[in-house]
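Colleague: Hey, dropping target-v2.pdb in here, PDB, C-alpha atoms and all ligand atoms:
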ATOM      1  CA  MET Z   1      19.375  -0.270  -1.483  1.00  0.00           C
ATOM      2  CA  ALA Z   2      15.766   0.927  -1.431  1.00  0.00           C
ATOM      3  CA  VAL Z   3      13.542   3.640  -0.013  1.00  0.00           C
ATOM      4  CA  ALA Z   4      10.183   2.821   1.619  1.00  0.00           C
ATOM      5  CA  LEU Z   5       7.156   5.120   1.685  1.00  0.00           C
ATOM      6  CA  LEU Z   6       4.527   4.246   4.293  1.00  0.00           C
ATOM      7  CA  VAL Z   7       1.222   5.997   3.625  1.00  0.00           C
ATOM      8  CA  ALA Z   8      -0.622   6.571   6.888  1.00  0.00           C
ATOM      9  CA  ALA Z   9      -2.454   9.860   6.301  1.00  0.00           C
ATOM     10  CA  GLY Z  10      -5.981   8.550   5.701  1.00  0.00           C
ATOM     11  CA  ARG Z  11      -8.898   9.329   7.994  1.00  0.00           C
ATOM     12  CA  GLY Z  12     -10.184   5.784   8.219  1.00  0.00           C
ATOM     13  CA  GLU Z  13     -13.819   6.730   7.707  1.00  0.00           C
ATOM     14  CA  ARG Z  14     -14.994   3.176   7.029  1.00  0.00           C
ATOM     15  CA  LEU Z  15     -13.354   1.928  10.222  1.00  0.00           C
ATOM     16  CA  GLY Z  16     -15.125   4.642  12.178  1.00  0.00           C
ATOM     17  CA  ALA Z  17     -12.616   4.853  15.069  1.00  0.00           C
ATOM     18  CA  ASP Z  18     -12.087   8.027  17.130  1.00  0.00           C
ATOM     19  CA  GLY Z  19      -8.845   8.993  15.383  1.00  0.00           C
ATOM     20  CA  PRO Z  20      -6.937   8.261  12.161  1.00  0.00           C
ATOM     21  CA  LYS Z  21      -6.777   4.552  11.257  1.00  0.00           C
ATOM     22  CA  ALA Z  22      -2.973   4.201  11.195  1.00  0.00           C
ATOM     23  CA  PHE Z  23      -2.850   5.170  14.901  1.00  0.00           C
ATOM     24  CA  VAL Z  24      -5.669   2.931  16.093  1.00  0.00           C
ATOM     25  CA  MET Z  25      -4.373   0.475  18.712  1.00  0.00           C
ATOM     26  CA  LEU Z  26      -3.960  -3.018  17.304  1.00  0.00           C
ATOM     27  CA  ALA Z  27      -2.619  -5.913  19.379  1.00  0.00           C
ATOM     28  CA  GLY Z  28      -1.177  -3.394  21.839  1.00  0.00           C
ATOM     29  CA  ARG Z  29       0.478  -0.898  19.464  1.00  0.00           C
ATOM     30  CA  PRO Z  30      -0.537   1.813  16.999  1.00  0.00           C
ATOM     31  CA  MET Z  31      -1.341   0.053  13.703  1.00  0.00           C
ATOM     32  CA  LEU Z  32       1.471   1.634  11.678  1.00  0.00           C
ATOM     33  CA  GLU Z  33       4.167   0.255  14.017  1.00  0.00           C
ATOM     34  CA  TRP Z  34       3.507  -3.275  12.718  1.00  0.00           C
ATOM     35  CA  SER Z  35       4.376  -2.369   9.127  1.00  0.00           C
ATOM     36  CA  LEU Z  36       7.337  -0.302  10.300  1.00  0.00           C
ATOM     37  CA  ASP Z  37       8.752  -3.356  12.094  1.00  0.00           C
ATOM     38  CA  ALA Z  38       8.637  -5.378   8.869  1.00  0.00           C
ATOM     39  CA  LEU Z  39      10.240  -2.579   6.832  1.00  0.00           C
ATOM     40  CA  ARG Z  40      12.965  -1.968   9.424  1.00  0.00           C
ATOM     41  CA  ALA Z  41      13.873  -5.678   9.380  1.00  0.00           C
ATOM     42  CA  VAL Z  42      14.833  -5.585   5.684  1.00  0.00           C
ATOM     43  CA  GLU Z  43      18.510  -4.687   5.173  1.00  0.00           C
ATOM     44  CA  GLN Z  44      17.945  -3.139   1.709  1.00  0.00           C
ATOM     45  CA  VAL Z  45      15.539  -0.523   3.114  1.00  0.00           C
ATOM     46  CA  ARG Z  46      17.850   2.375   3.939  1.00  0.00           C
ATOM     47  CA  ARG Z  47      15.210   5.048   4.598  1.00  0.00           C
ATOM     48  CA  ILE Z  48      11.530   5.129   5.592  1.00  0.00           C
ATOM     49  CA  VAL Z  49       9.287   8.127   4.914  1.00  0.00           C
ATOM     50  CA  VAL Z  50       5.841   8.194   6.541  1.00  0.00           C
ATOM     51  CA  ALA Z  51       2.929  10.279   5.182  1.00  0.00           C
ATOM     52  CA  LEU Z  52       1.057  11.389   8.300  1.00  0.00           C
ATOM     53  CA  PRO Z  53      -2.326  12.848   9.186  1.00  0.00           C
ATOM     54  CA  ALA Z  54      -2.366  16.416  10.562  1.00  0.00           C
ATOM     55  CA  GLY Z  55      -0.853  16.709  14.032  1.00  0.00           C
ATOM     56  CA  ALA Z  56       0.784  13.247  14.137  1.00  0.00           C
ATOM     57  CA  GLN Z  57       4.438  12.724  15.118  1.00  0.00           C
ATOM     58  CA  ALA Z  58       6.864  10.852  12.869  1.00  0.00           C
ATOM     59  CA  PRO Z  59       7.694   7.432  14.389  1.00  0.00           C
ATOM     60  CA  ALA Z  60      11.274   6.899  15.601  1.00  0.00           C
ATOM     61  CA  GLY Z  61      13.867   6.636  12.851  1.00  0.00           C
ATOM     62  CA  THR Z  62      11.536   7.778  10.071  1.00  0.00           C
ATOM     63  CA  ILE Z  63      11.061  10.986   8.089  1.00  0.00           C
ATOM     64  CA  GLY Z  64       7.560  12.366   8.621  1.00  0.00           C
ATOM     65  CA  VAL Z  65       5.681  14.359   6.005  1.00  0.00           C
ATOM     66  CA  ALA Z  66       2.122  15.738   5.855  1.00  0.00           C
ATOM     67  CA  GLY Z  67      -0.158  13.582   3.706  1.00  0.00           C
ATOM     68  CA  GLY Z  68      -2.364  14.862   0.887  1.00  0.00           C
ATOM     69  CA  ALA Z  69      -6.089  14.865   0.122  1.00  0.00           C
ATOM     70  CA  GLU Z  70      -6.032  11.496  -1.679  1.00  0.00           C
ATOM     71  CA  ARG Z  71      -3.816   8.474  -1.215  1.00  0.00           C
ATOM     72  CA  SER Z  72      -1.662   9.104  -4.282  1.00  0.00           C
ATOM     73  CA  HIS Z  73      -1.079  12.703  -3.194  1.00  0.00           C
ATOM     74  CA  SER Z  74       0.306  11.287   0.055  1.00  0.00           C
ATOM     75  CA  VAL Z  75       2.585   8.983  -1.953  1.00  0.00           C
ATOM     76  CA  ARG Z  76       3.829  11.964  -3.969  1.00  0.00           C
ATOM     77  CA  ALA Z  77       4.505  14.008  -0.818  1.00  0.00           C
ATOM     78  CA  ALA Z  78       6.421  11.113   0.745  1.00  0.00           C
ATOM     79  CA  LEU Z  79       8.535  10.535  -2.363  1.00  0.00           C
ATOM     80  CA  ALA Z  80       9.387  14.252  -2.500  1.00  0.00           C
ATOM     81  CA  ALA Z  81      10.702  14.017   1.081  1.00  0.00           C
ATOM     82  CA  ALA Z  82      12.767  10.880   0.424  1.00  0.00           C
ATOM     83  CA  GLY Z  83      15.830  12.783  -0.791  1.00  0.00           C
ATOM     84  CA  GLU Z  84      17.974  12.151  -3.828  1.00  0.00           C
ATOM     85  CA  SER Z  85      18.701   8.731  -5.244  1.00  0.00           C
ATOM     86  CA  GLY Z  86      19.391   7.097  -8.608  1.00  0.00           C
ATOM     87  CA  PRO Z  87      16.592   6.614 -11.194  1.00  0.00           C
ATOM     88  CA  ASP Z  88      16.776   2.843 -10.792  1.00  0.00           C
ATOM     89  CA  GLU Z  89      16.739   2.711  -7.008  1.00  0.00           C
ATOM     90  CA  PRO Z  90      13.651   0.761  -5.907  1.00  0.00           C
ATOM     91  CA  VAL Z  91      10.923   2.661  -4.062  1.00  0.00           C
ATOM     92  CA  LEU Z  92       8.489   0.591  -2.016  1.00  0.00           C
ATOM     93  CA  VAL Z  93       5.036   1.987  -1.341  1.00  0.00           C
ATOM     94  CA  HIS Z  94       3.081   0.392   1.502  1.00  0.00           C
ATOM     95  CA  ASP Z  95      -0.265   1.158   3.171  1.00  0.00           C
ATOM     96  CA  ALA Z  96      -0.160   1.450   6.958  1.00  0.00           C
ATOM     97  CA  ALA Z  97      -3.606  -0.166   6.734  1.00  0.00           C
ATOM     98  CA  ARG Z  98      -1.862  -3.507   5.948  1.00  0.00           C
ATOM     99  CA  PRO Z  99      -0.265  -4.272   9.326  1.00  0.00           C
ATOM    100  CA  LEU Z 100       0.367  -7.947   8.548  1.00  0.00           C
ATOM    101  CA  LEU Z 101       3.260  -7.119   6.246  1.00  0.00           C
ATOM    102  CA  THR Z 102       6.292  -9.384   6.731  1.00  0.00           C
ATOM    103  CA  PRO Z 103       9.972  -8.922   5.840  1.00  0.00           C
ATOM    104  CA  ALA Z 104       9.598 -11.905   3.476  1.00  0.00           C
ATOM    105  CA  ILE Z 105       6.920 -10.100   1.419  1.00  0.00           C
ATOM    106  CA  VAL Z 106       9.106  -6.985   1.223  1.00  0.00           C
ATOM    107  CA  ARG Z 107      12.136  -9.015   0.132  1.00  0.00           C
ATOM    108  CA  ALA Z 108      10.129 -10.952  -2.477  1.00  0.00           C
ATOM    109  CA  SER Z 109       8.830  -7.683  -3.967  1.00  0.00           C
ATOM    110  CA  LEU Z 110      12.296  -6.158  -4.243  1.00  0.00           C
ATOM    111  CA  GLU Z 111      13.721  -9.360  -5.671  1.00  0.00           C
ATOM    112  CA  ALA Z 112      10.944  -9.615  -8.290  1.00  0.00           C
ATOM    113  CA  LEU Z 113      11.563  -6.020  -9.373  1.00  0.00           C
ATOM    114  CA  GLU Z 114      15.143  -6.990 -10.068  1.00  0.00           C
ATOM    115  CA  THR Z 115      14.561 -10.368 -11.737  1.00  0.00           C
ATOM    116  CA  THR Z 116      11.642  -9.270 -13.967  1.00  0.00           C
ATOM    117  CA  GLY Z 117      13.181  -5.937 -14.948  1.00  0.00           C
ATOM    118  CA  ALA Z 118       9.640  -4.490 -14.703  1.00  0.00           C
ATOM    119  CA  ASP Z 119       8.836  -0.858 -13.920  1.00  0.00           C
ATOM    120  CA  ALA Z 120       6.701  -1.976 -10.991  1.00  0.00           C
ATOM    121  CA  VAL Z 121       5.968  -5.129  -9.003  1.00  0.00           C
ATOM    122  CA  VAL Z 122       2.768  -5.517  -7.004  1.00  0.00           C
ATOM    123  CA  ALA Z 123       2.121  -7.958  -4.161  1.00  0.00           C
ATOM    124  CA  ALA Z 124      -1.095  -9.855  -4.898  1.00  0.00           C
ATOM    125  CA  ALA Z 125      -3.060 -12.973  -3.966  1.00  0.00           C
ATOM    126  CA  PRO Z 126      -5.164 -15.181  -6.247  1.00  0.00           C
ATOM    127  CA  VAL Z 127      -8.870 -14.387  -6.001  1.00  0.00           C
ATOM    128  CA  VAL Z 128     -10.636 -17.182  -4.097  1.00  0.00           C
ATOM    129  CA  ASP Z 129     -14.252 -16.064  -4.485  1.00  0.00           C
ATOM    130  CA  THR Z 130     -16.368 -16.694  -7.557  1.00  0.00           C
ATOM    131  CA  ILE Z 131     -16.867 -13.294  -9.170  1.00  0.00           C
ATOM    132  CA  LYS Z 132     -20.038 -12.246 -10.995  1.00  0.00           C
ATOM    133  CA  ARG Z 133     -20.520  -9.062 -12.953  1.00  0.00           C
ATOM    134  CA  VAL Z 134     -23.975  -7.489 -12.696  1.00  0.00           C
ATOM    135  CA  ALA Z 135     -25.811  -5.843 -15.576  1.00  0.00           C
ATOM    136  CA  ASP Z 136     -27.966  -3.303 -13.766  1.00  0.00           C
ATOM    137  CA  ALA Z 137     -29.173  -1.784 -10.486  1.00  0.00           C
ATOM    138  CA  GLU Z 138     -31.546  -4.744  -9.959  1.00  0.00           C
ATOM    139  CA  LEU Z 139     -28.407  -6.873  -9.581  1.00  0.00           C
ATOM    140  CA  ARG Z 140     -29.247  -9.068 -12.555  1.00  0.00           C
ATOM    141  CA  VAL Z 141     -26.181 -11.194 -13.298  1.00  0.00           C
ATOM    142  CA  ALA Z 142     -24.525 -10.516 -16.641  1.00  0.00           C
ATOM    143  CA  GLU Z 143     -21.768 -13.106 -16.350  1.00  0.00           C
ATOM    144  CA  THR Z 144     -19.558 -15.177 -14.100  1.00  0.00           C
ATOM    145  CA  VAL Z 145     -16.063 -13.894 -14.661  1.00  0.00           C
ATOM    146  CA  PRO Z 146     -13.441 -16.635 -15.151  1.00  0.00           C
ATOM    147  CA  ARG Z 147     -11.378 -16.545 -11.977  1.00  0.00           C
ATOM    148  CA  SER Z 148      -8.115 -18.161 -13.035  1.00  0.00           C
ATOM    149  CA  ALA Z 149      -6.555 -14.922 -14.262  1.00  0.00           C
ATOM    150  CA  LEU Z 150      -7.818 -12.707 -11.422  1.00  0.00           C
ATOM    151  CA  TRP Z 151      -5.585 -11.494  -8.602  1.00  0.00           C
ATOM    152  CA  ALA Z 152      -6.432  -9.224  -5.690  1.00  0.00           C
ATOM    153  CA  VAL Z 153      -3.725  -6.597  -5.341  1.00  0.00           C
ATOM    154  CA  GLN Z 154      -2.137  -5.508  -2.106  1.00  0.00           C
ATOM    155  CA  THR Z 155       0.772  -3.391  -1.038  1.00  0.00           C
ATOM    156  CA  PRO Z 156       3.768  -3.300  -0.997  1.00  0.00           C
ATOM    157  CA  GLN Z 157       4.182  -2.101  -4.554  1.00  0.00           C
ATOM    158  CA  ALA Z 158       7.814  -1.726  -5.643  1.00  0.00           C
ATOM    159  CA  PHE Z 159       8.788   0.758  -8.356  1.00  0.00           C
ATOM    160  CA  ARG Z 160      11.841   1.926 -10.187  1.00  0.00           C
ATOM    161  CA  ARG Z 161      12.145   5.444  -8.871  1.00  0.00           C
ATOM    162  CA  ALA Z 162      12.074   7.150 -12.268  1.00  0.00           C
ATOM    163  CA  ALA Z 163       8.887   5.302 -13.279  1.00  0.00           C
ATOM    164  CA  LEU Z 164       7.074   6.317 -10.081  1.00  0.00           C
ATOM    165  CA  GLU Z 165       8.283   9.931 -10.298  1.00  0.00           C
ATOM    166  CA  ARG Z 166       7.090  10.209 -13.887  1.00  0.00           C
ATOM    167  CA  VAL Z 167       3.514   9.089 -13.160  1.00  0.00           C
ATOM    168  CA  LEU Z 168       3.224  11.128  -9.946  1.00  0.00           C
ATOM    169  CA  ALA Z 169       4.108  14.288 -11.895  1.00  0.00           C
ATOM    170  CA  GLN Z 170       0.669  14.120 -13.574  1.00  0.00           C
ATOM    171  CA  PRO Z 171      -2.129  16.550 -12.571  1.00  0.00           C
ATOM    172  CA  ASP Z 172      -3.865  16.104  -9.195  1.00  0.00           C
ATOM    173  CA  GLU Z 173      -7.118  14.876 -10.836  1.00  0.00           C
ATOM    174  CA  VAL Z 174      -5.331  12.049 -12.657  1.00  0.00           C
ATOM    175  CA  LEU Z 175      -3.728  10.909  -9.400  1.00  0.00           C
ATOM    176  CA  ALA Z 176      -6.983  11.198  -7.451  1.00  0.00           C
ATOM    177  CA  ALA Z 177      -8.726   8.792  -9.854  1.00  0.00           C
ATOM    178  CA  ALA Z 178      -6.184   5.993  -9.331  1.00  0.00           C
ATOM    179  CA  THR Z 179      -6.900   3.351  -6.693  1.00  0.00           C
ATOM    180  CA  ASP Z 180      -3.286   2.206  -6.666  1.00  0.00           C
ATOM    181  CA  ASP Z 181       0.017   3.562  -7.908  1.00  0.00           C
ATOM    182  CA  ALA Z 182       0.804   0.668 -10.211  1.00  0.00           C
ATOM    183  CA  SER Z 183      -2.323   1.410 -12.284  1.00  0.00           C
ATOM    184  CA  LEU Z 184      -0.806   4.804 -13.114  1.00  0.00           C
ATOM    185  CA  VAL Z 185       2.287   3.022 -14.423  1.00  0.00           C
ATOM    186  CA  GLU Z 186       0.058   0.642 -16.454  1.00  0.00           C
ATOM    187  CA  GLN Z 187      -1.819   3.596 -17.990  1.00  0.00           C
ATOM    188  CA  ALA Z 188       1.496   5.190 -18.937  1.00  0.00           C
ATOM    189  CA  GLY Z 189       2.487   2.045 -20.847  1.00  0.00           C
ATOM    190  CA  GLY Z 190       4.876   0.713 -18.212  1.00  0.00           C
ATOM    191  CA  ARG Z 191       5.417  -2.966 -17.481  1.00  0.00           C
ATOM    192  CA  VAL Z 192       3.893  -4.139 -14.203  1.00  0.00           C
ATOM    193  CA  HIS Z 193       4.285  -7.632 -12.722  1.00  0.00           C
ATOM    194  CA  LEU Z 194       2.694  -9.349  -9.745  1.00  0.00           C
ATOM    195  CA  VAL Z 195       4.467 -11.250  -7.009  1.00  0.00           C
ATOM    196  CA  GLU Z 196       2.422 -13.749  -4.999  1.00  0.00           C
ATOM    197  CA  SER Z 197       1.703 -12.694  -1.432  1.00  0.00           C
ATOM    198  CA  PRO Z 198      -0.363 -14.401   1.287  1.00  0.00           C
ATOM    199  CA  ARG Z 199      -4.004 -13.391   1.753  1.00  0.00           C
ATOM    200  CA  GLU Z 200      -3.101 -12.757   5.405  1.00  0.00           C
ATOM    201  CA  ASN Z 201      -1.531  -9.476   4.259  1.00  0.00           C
ATOM    202  CA  LEU Z 202      -5.043  -8.052   4.503  1.00  0.00           C
ATOM    203  CA  LYS Z 203      -6.158  -4.444   4.522  1.00  0.00           C
ATOM    204  CA  VAL Z 204      -7.915  -3.096   7.585  1.00  0.00           C
ATOM    205  CA  THR Z 205     -10.889  -1.248   6.148  1.00  0.00           C
ATOM    206  CA  THR Z 206     -13.864  -2.015   8.430  1.00  0.00           C
ATOM    207  CA  PRO Z 207     -14.205  -3.122  12.093  1.00  0.00           C
ATOM    208  CA  VAL Z 208     -14.307  -6.826  11.160  1.00  0.00           C
ATOM    209  CA  ASP Z 209     -10.898  -6.481   9.450  1.00  0.00           C
ATOM    210  CA  LEU Z 210      -9.492  -4.916  12.620  1.00  0.00           C
ATOM    211  CA  ARG Z 211     -10.668  -7.876  14.708  1.00  0.00           C
ATOM    212  CA  LEU Z 212      -9.185 -10.351  12.264  1.00  0.00           C
ATOM    213  CA  ALA Z 213      -5.860  -8.471  12.114  1.00  0.00           C
ATOM    214  CA  ALA Z 214      -5.689  -8.420  15.932  1.00  0.00           C
ATOM    215  CA  LEU Z 215      -6.247 -12.201  16.106  1.00  0.00           C
ATOM    216  CA  LEU Z 216      -3.567 -12.886  13.479  1.00  0.00           C
ATOM    217  CA  LEU Z 217      -1.010 -10.558  15.081  1.00  0.00           C
ATOM    218  CA  GLU Z 218      -1.631 -11.948  18.580  1.00  0.00           C
ATOM    219  CA  GLU Z 219      -1.129 -15.444  17.161  1.00  0.00           C
ATOM    220  CA  ARG Z 220       2.262 -14.343  15.759  1.00  0.00           C
ATOM    221  CA  CYS Z 221       3.570 -13.026  19.090  1.00  0.00           C
TER     222      CYS Z 221
HETATM  223  N1  LIG R   1      -3.957   7.242   2.802  1.00  0.00           N
HETATM  224  C1  LIG R   1      -3.105   8.336   2.845  1.00  0.00           C
HETATM  225  N2  LIG R   1      -3.581   9.572   2.458  1.00  0.00           N
HETATM  226  C2  LIG R   1      -4.852   9.730   2.068  1.00  0.00           C
HETATM  227  C3  LIG R   1      -5.726   8.605   2.018  1.00  0.00           C
HETATM  228  C4  LIG R   1      -5.249   7.369   2.401  1.00  0.00           C
HETATM  229  O1  LIG R   1      -1.944   8.222   3.225  1.00  0.00           O
HETATM  230  N3  LIG R   1      -5.269  10.944   1.718  1.00  0.00           N
HETATM  231  C5  LIG R   1      -3.447   5.923   3.233  1.00  0.00           C
HETATM  232  C6  LIG R   1      -4.199   5.381   4.435  1.00  0.00           C
HETATM  233  O2  LIG R   1      -3.647   5.906   5.636  1.00  0.00           O
HETATM  234  C7  LIG R   1      -4.015   3.879   4.273  1.00  0.00           C
HETATM  235  C8  LIG R   1      -3.853   3.678   2.769  1.00  0.00           C
HETATM  236  O3  LIG R   1      -3.659   4.973   2.210  1.00  0.00           O
HETATM  237  O4  LIG R   1      -2.855   3.397   4.926  1.00  0.00           O
HETATM  238  C9  LIG R   1      -5.029   2.953   2.146  1.00  0.00           C
HETATM  239  O5  LIG R   1      -6.185   3.763   2.205  1.00  0.00           O
HETATM  240  P1  LIG R   1      -7.553   3.349   2.907  1.00  0.00           P
HETATM  241  O6  LIG R   1      -7.511   1.940   3.351  1.00  0.00           O
HETATM  242  O7  LIG R   1      -8.657   3.828   2.022  1.00  0.00           O
HETATM  243  O8  LIG R   1      -7.502   4.218   4.260  1.00  0.00           O
HETATM  244  P2  LIG R   1      -8.345   5.500   4.645  1.00  0.00           P
HETATM  245  O9  LIG R   1      -8.440   6.420   3.470  1.00  0.00           O
HETATM  246  O10 LIG R   1      -7.754   6.019   5.896  1.00  0.00           O
HETATM  247  O11 LIG R   1      -9.774   4.861   4.982  1.00  0.00           O
HETATM  248  P3  LIG R   1     -11.220   5.328   4.442  1.00  0.00           P
HETATM  249  O12 LIG R   1     -11.136   5.300   2.926  1.00  0.00           O
HETATM  250  O13 LIG R   1     -12.161   4.331   5.019  1.00  0.00           O
HETATM  251  O14 LIG R   1     -11.447   6.725   4.983  1.00  0.00           O
HETATM  252 MG    MG R   2      -9.444   5.786   1.638  1.00  0.00          MG
END
Turn the structure described in the file into structure tokens.
Ligand code: CTP
Ligand code: MG
Modeller:
Amino acid sequence: MAVALLVAAGRGERLGADGPKAFVMLAGRPMLEWSLDALRAVEQVRRIVVALPAGAQAPAGTIGVAGGAERSHSVRAALAAAGESGPDEPVLVHDAARPLLTPAIVRASLEALETTGADAVVAAAPVVDTIKRVADAELRVAETVPRSALWAVQTPQAFRRAALERVLAQPDEVLAAATDDASLVEQAGGRVHLVESPRENLKVTTPVDLRLAALLLEERC
């Protein structure tokens, strides 16, 4: 069995909607309901904890908890509310900002955690753009980075509970500097693997992402 943490406590400043991003209406429902559907459809997920912005209600069948100042603080708060479980029980962390999650992606992440024996498994897609690194503020190109080994990471990220607990016990500043939870495990010397996930599992960051997500979700229904 596994526990899922859905982080939904962000303000969504880059989207610029009236309220918090996870509750913005998307293809007829609040954005976070789409990820919840995918998580609820996976038999191994026995409990879902949602990190919420101030004043929001926990969705049906979930445990709600107040989020923190930064994303990883919200993850820590959600894990603390998840209740007891064994050190090896998988914990899935997912961003409510990725509403195109599917049960298949969740299952593949949990399965890869088991088959690789890694401390963490991260959903990711191969980078399709050519990437250049710039040398200075004038945008002079320093190099074209070879693309074959580059992957764009997504959520879900699946962890062995003890590995996630250990890295989240670090000081607030260390957590605040991390852009994803798996990087904390990497820094601590843990073994992290990727599992291939479709690019469609996109993150809604700006208004154009919201339009694209709406088109893709409407196409699914
Ligand atoms: N998140 C969270 N708690 C925070 C910050 C972010 O739970 N203190 C969640 C968001 O709700 C989102 C996910 O982390 O589901 C990814 O973060 P991001 O896409 O950056 O969302 P926001 O922080 O809401 O957006 P912005 O950075 O544009 O304000
Ligand atoms: Mg943010």
Colleague: Against ligand LIG 1 (chain R), which residues of chain Z fall within 6 Å? For each one I want the closest pair of atoms and the distance in Å (one decimal), counting all atoms listed in the file, rows by chain and increasing residue number, as a tab-separated table.
Modeller:
residue	atom	partner	partner_atom	distance
Z:Val7	CA	R:LIG1	O1	3.9
Z:Ala8	CA	R:LIG1	O2	3.3
Z:Ala9	CA	R:LIG1	O1	3.5
Z:Gly10	CA	R:LIG1	O10	3.1
Z:Arg11	CA	R:LIG1	O10	4.1
Z:Gly12	CA	R:LIG1	O10	3.4
Z:Glu13	CA	R:LIG1	O14	3.6
Z:Arg14	CA	R:LIG1	O13	3.7
Z:Leu15	CA	R:LIG1	O13	5.9
Z:Lys21	CA	R:LIG1	O10	5.6
Z:Ala22	CA	R:LIG1	O2	5.9
Z:Ala51	CA	R:LIG1	O1	5.6
Z:Gly67	CA	R:LIG1	N2	5.4
Z:Gly68	CA	R:LIG1	N3	4.9
Z:Ala69	CA	R:LIG1	N3	4.3
Z:Glu70	CA	R:LIG1	N3	3.5
Z:Arg71	CA	R:LIG1	C2	3.7
Z:Ser74	CA	R:LIG1	N2	4.9
Z:Asp95	CA	R:LIG1	O4	3.8
Z:Ala96	CA	R:LIG1	O4	3.9
Z:Ala97	CA	R:LIG1	O4	4.1
Z:Thr205	CA	R:LIG1	O6	5.4
Colleague: Just want the 12 Å neighbourhood of Z:Pro171, counted on all atoms listed in the file, with same-chain residues fewer than 6 positions away dropped. Output as a PyMOL selection string.
Modeller: chain Z and resi 72-73+76+177-178+184
Colleague: Taking C-alpha atoms for each residue, export the selection above as a PDB file, in the frame of the given file.
Modeller:
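result00.pdb was written with the following content:
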ATOM      1  CA  SER Z  72      -1.662   9.104  -4.282  1.00  0.00           C
ATOM      2  CA  HIS Z  73      -1.079  12.703  -3.194  1.00  0.00           C
ATOM      3  CA  ARG Z  76       3.829  11.964  -3.969  1.00  0.00           C
ATOM      4  CA  ALA Z 177      -8.726   8.792  -9.854  1.00  0.00           C
ATOM      5  CA  ALA Z 178      -6.184   5.993  -9.331  1.00  0.00           C
ATOM      6  CA  LEU Z 184      -0.806   4.804 -13.114  1.00  0.00           C
TER       7      LEU Z 184
END
Colleague: So which residues fall inside 10 Å of (-8.4, -12.7, -12.5) if we count all atoms listed in the file? Mind giving them as number ranges by chain?
Modeller: Z: 126-128, 131, 145-152
Colleague: In Å to one decimal, how far is atom CA of Z:Ala118 from atom CA of Z:Val204?
Modeller: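 Separation between atom CA of Z:Val204 and atom CA of Z:Ala118: 28.4 Å.
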Colleague: To test your reading of the syntax: which residues would the PyMOL selection byres (((chain Z and resi 191) around 6) and not hetatm) return for the file shown? Reply as a list in words.
Modeller: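 For this structure, the PyMOL selection byres (((chain Z and resi 191) around 6) and not hetatm) resolves to Ala118, Asp119, Gly190 and Val192 of chain Z.
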Colleague: For a quick check of understanding, using all atoms listed in the file, which of Z:Ala38, Z:Ala188, Z:Thr144, Z:Pro20 has the smallest distance to ligand MG 2 (chain R)?
Modeller: Z:Pro20
Colleague: Report the residues retrieved by the PyMOL selection byres (((chain Z and resi 200) around 10) and not hetatm) from the displayed file, expressed as a PDB file with C-alpha atoms, in the coordinates of the input.
Modeller:
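Ended up saving to selection12.pdb:
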ATOM      1  CA  ARG Z  98      -1.862  -3.507   5.948  1.00  0.00           C
ATOM      2  CA  PRO Z  99      -0.265  -4.272   9.326  1.00  0.00           C
ATOM      3  CA  LEU Z 100       0.367  -7.947   8.548  1.00  0.00           C
ATOM      4  CA  LEU Z 101       3.260  -7.119   6.246  1.00  0.00           C
ATOM      5  CA  ALA Z 125      -3.060 -12.973  -3.966  1.00  0.00           C
ATOM      6  CA  SER Z 197       1.703 -12.694  -1.432  1.00  0.00           C
ATOM      7  CA  PRO Z 198      -0.363 -14.401   1.287  1.00  0.00           C
ATOM      8  CA  ARG Z 199      -4.004 -13.391   1.753  1.00  0.00           C
ATOM      9  CA  ASN Z 201      -1.531  -9.476   4.259  1.00  0.00           C
ATOM     10  CA  LEU Z 202      -5.043  -8.052   4.503  1.00  0.00           C
ATOM     11  CA  LYS Z 203      -6.158  -4.444   4.522  1.00  0.00           C
ATOM     12  CA  LEU Z 212      -9.185 -10.351  12.264  1.00  0.00           C
ATOM     13  CA  ALA Z 213      -5.860  -8.471  12.114  1.00  0.00           C
ATOM     14  CA  LEU Z 216      -3.567 -12.886  13.479  1.00  0.00           C
TER      15      LEU Z 216
END
Colleague: At what distance in Å, to one decimal, does atom CA of Z:Trp34 lie from atom CA of Z:Ala56?
Modeller: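 Value for the atom CA of Z:Ala56-atom CA of Z:Trp34 distance: 16.8 Å.
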